[in-house]
Structures are given as C-alpha cells and as structure tokens.
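work22.cif (mmCIF, C-alpha atoms) appears below.
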data_run
#
loop_
_atom_site.group_PDB
_atom_site.id
_atom_site.type_symbol
_atom_site.label_atom_id
_atom_site.label_comp_id
_atom_site.auth_asym_id
_atom_site.auth_seq_id
_atom_site.Cartn_x
_atom_site.Cartn_y
_atom_site.Cartn_z
ATOM 1 C CA MET A 1050 174.075 56.993 -13.028
ATOM 2 C CA ALA A 1051 174.283 56.851 -16.811
ATOM 3 C CA LEU A 1052 176.320 59.461 -18.602
ATOM 4 C CA PHE A 1053 174.071 59.404 -21.634
ATOM 5 C CA LYS A 1054 170.328 59.001 -21.653
ATOM 6 C CA LYS A 1055 168.641 57.243 -24.510
ATOM 7 C CA ARG A 1056 166.299 59.668 -26.235
ATOM 8 C CA THR A 1057 162.936 57.979 -26.538
ATOM 9 C CA VAL A 1058 160.839 60.884 -27.782
ATOM 10 C CA GLY A 1059 161.540 63.421 -30.457
ATOM 11 C CA LYS A 1060 161.399 67.146 -30.323
ATOM 12 C CA PRO A 1061 158.157 68.843 -31.269
ATOM 13 C CA GLY A 1062 158.319 69.749 -34.929
ATOM 14 C CA GLU A 1063 160.529 66.811 -35.935
ATOM 15 C CA TRP A 1064 158.747 64.602 -38.422
ATOM 16 C CA TYR A 1065 159.721 61.099 -39.539
ATOM 17 C CA TYR A 1066 158.476 58.557 -42.046
ATOM 18 C CA CYS A 1067 158.294 54.998 -40.683
ATOM 19 C CA LEU A 1068 159.316 52.411 -43.286
ATOM 20 C CA VAL A 1069 157.663 49.554 -41.372
ATOM 21 C CA HIS A 1070 154.266 51.107 -40.700
ATOM 22 C CA HIS A 1071 154.260 53.380 -43.784
ATOM 23 C CA LYS A 1072 153.149 56.380 -41.762
ATOM 24 C CA VAL A 1073 154.331 59.816 -40.708
ATOM 25 C CA GLU A 1074 155.280 60.255 -37.044
ATOM 26 C CA GLU A 1075 155.945 63.385 -35.035
ATOM 27 C CA GLY A 1076 159.034 62.562 -33.046
ATOM 28 C CA PRO A 1077 160.627 59.175 -33.486
ATOM 29 C CA GLU A 1078 158.251 56.428 -32.434
ATOM 30 C CA CYS A 1079 160.039 53.617 -34.267
ATOM 31 C CA PRO A 1080 163.746 52.649 -34.219
ATOM 32 C CA ALA A 1081 166.134 54.711 -36.342
ATOM 33 C CA LYS A 1082 166.801 51.748 -38.643
ATOM 34 C CA ASP A 1083 163.130 51.793 -39.659
ATOM 35 C CA ARG A 1084 162.612 55.465 -40.470
ATOM 36 C CA PHE A 1085 163.597 58.404 -42.660
ATOM 37 C CA GLY A 1086 164.024 61.837 -41.123
ATOM 38 C CA PRO A 1087 163.898 64.134 -39.357
ATOM 39 C CA TYR A 1088 161.970 66.422 -41.641
ATOM 40 C CA THR A 1089 160.899 69.963 -40.804
ATOM 41 C CA SER A 1090 157.231 69.466 -41.695
ATOM 42 C CA ARG A 1091 154.586 66.771 -41.866
ATOM 43 C CA GLU A 1092 154.191 67.483 -45.590
ATOM 44 C CA GLU A 1093 157.899 66.891 -46.240
ATOM 45 C CA ALA A 1094 157.810 63.591 -44.293
ATOM 46 C CA THR A 1095 154.710 62.518 -46.241
ATOM 47 C CA HIS A 1096 156.760 62.669 -49.444
ATOM 48 C CA ALA A 1097 159.811 60.886 -47.988
ATOM 49 C CA MET A 1098 159.582 57.867 -50.293
ATOM 50 C CA GLU A 1099 159.160 60.043 -53.390
ATOM 51 C CA SER A 1100 162.176 62.143 -52.384
ATOM 52 C CA ALA A 1101 164.243 58.995 -51.848
ATOM 53 C CA GLN A 1102 163.245 57.625 -55.260
ATOM 54 C CA GLU A 1103 164.205 60.910 -56.942
ATOM 55 C CA ARG A 1104 167.612 60.946 -55.207
ATOM 56 C CA ASN A 1105 168.207 57.307 -56.149
ATOM 57 C CA LEU A 1106 167.377 58.010 -59.780
ATOM 58 C CA GLU A 1107 169.748 60.992 -59.806
ATOM 59 C CA TRP A 1108 172.506 58.819 -58.339
ATOM 60 C CA GLU A 1109 171.880 55.936 -60.752
ATOM 61 C CA THR A 1110 172.051 58.231 -63.777
ATOM 62 C CA ASP A 1111 175.009 60.348 -62.594
ATOM 63 C CA PRO A 1112 178.054 59.279 -64.662
ATOM 64 C CA LYS A 1113 180.588 60.416 -62.062
ATOM 65 C CA TRP A 1114 179.247 57.820 -59.588
ATOM 66 C CA HIS A 1115 179.828 54.846 -61.873
ATOM 67 C CA ASP A 1116 183.118 53.017 -62.117
ATOM 68 C CA LYS A 1117 184.165 52.687 -65.754
ATOM 69 C CA SER A 1118 185.446 49.164 -65.209
ATOM 70 C CA SER A 1119 182.051 48.028 -63.911
ATOM 71 C CA GLN A 1120 180.478 49.065 -67.231
ATOM 72 C CA GLY A 1121 182.699 46.752 -69.241
ATOM 73 C CA GLU A 1122 185.437 49.334 -69.953
ATOM 74 C CA THR A 1123 189.024 48.857 -68.871
ATOM 75 C CA ASP A 1124 191.653 51.402 -67.859
#
As structure tokens - that is how I would like this structure written.
Amino acid sequence: MALFKKRTVGKPGEWYYCLVHHKVEEGPECPAKDRFGPYTSREEATHAMESAQERNLEWETDPKWHDKSSQGETD
C-alpha cells in the first residue's frame, strides 16, 4: 500500500492555465511543469500570461535584482 497517493484531479474552485494547450482548466488536467496556478477564479487564470509578463517586467526593471558587475561596473 502506498503511503502517498498521486493527486490526479484538482479541488473544485482551483483554476490553472495550461501553457501547452493555451487554455484554462478547472483542476489540474496537465502536468505541473506545463501550467500556471492554482488561481482562485477562472478570470484570474485567464489572465495568467499577462500577469506573468507584468511580473517579469517588474523584475527586469528592478535595480536591486541586477548585479552591478553584470552591467559593466566593477566593485
């Protein structure tokens, strides 16, 4: 008897965005490596790619996340 069971279906109300199929799923249908989530609503999952782009832009433009030496400056 296995100690841990592999969860194959999500909980009702958990929403995911599948990066392979480019669709919103209730409960995980695709492997974790291929999805964003969980989100609390279908609407939030629908905008997963936009949210990711906004976070990436914030990270790319945040000066505290950039190493000075990688920008041509030396310590």
>> When you count all atoms listed in the file, which of these residues is closest to Val1069 in chain A: A:Leu1106, A:Trp1114, A:Lys1082, A:Tyr1088?
In response: A:Lys1082
> What is the distance between CA of Lys1113 in chain A and CA of His1096 in chain A, in Å to one decimal?
Replying inline: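 These atoms are spaced 27.1 Å apart.
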>> Report as a list of chain:residue names all protein, DNA and RNA residues lying within 10 Å of Gly1076 in chain A, evaluated on only C-alpha atoms, omitting residues in the same chain fewer than 2 positions from it.
In response: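 Within the cut-off, the hits are A:Thr1057, A:Val1058, A:Gly1059, A:Lys1060, A:Pro1061, A:Gly1062, A:Glu1063, A:Trp1064, A:Tyr1065, A:Tyr1066, A:Val1073, A:Glu1074, A:Glu1078, A:Cys1079, A:Gly1086, A:Pro1087, A:Tyr1088.
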> Separation of CA of Ala1097 in chain A and CA of Phe1085 in chain A, in Å?
Replying inline: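 Rounded to one decimal, the two atoms are 7.0 Å apart.
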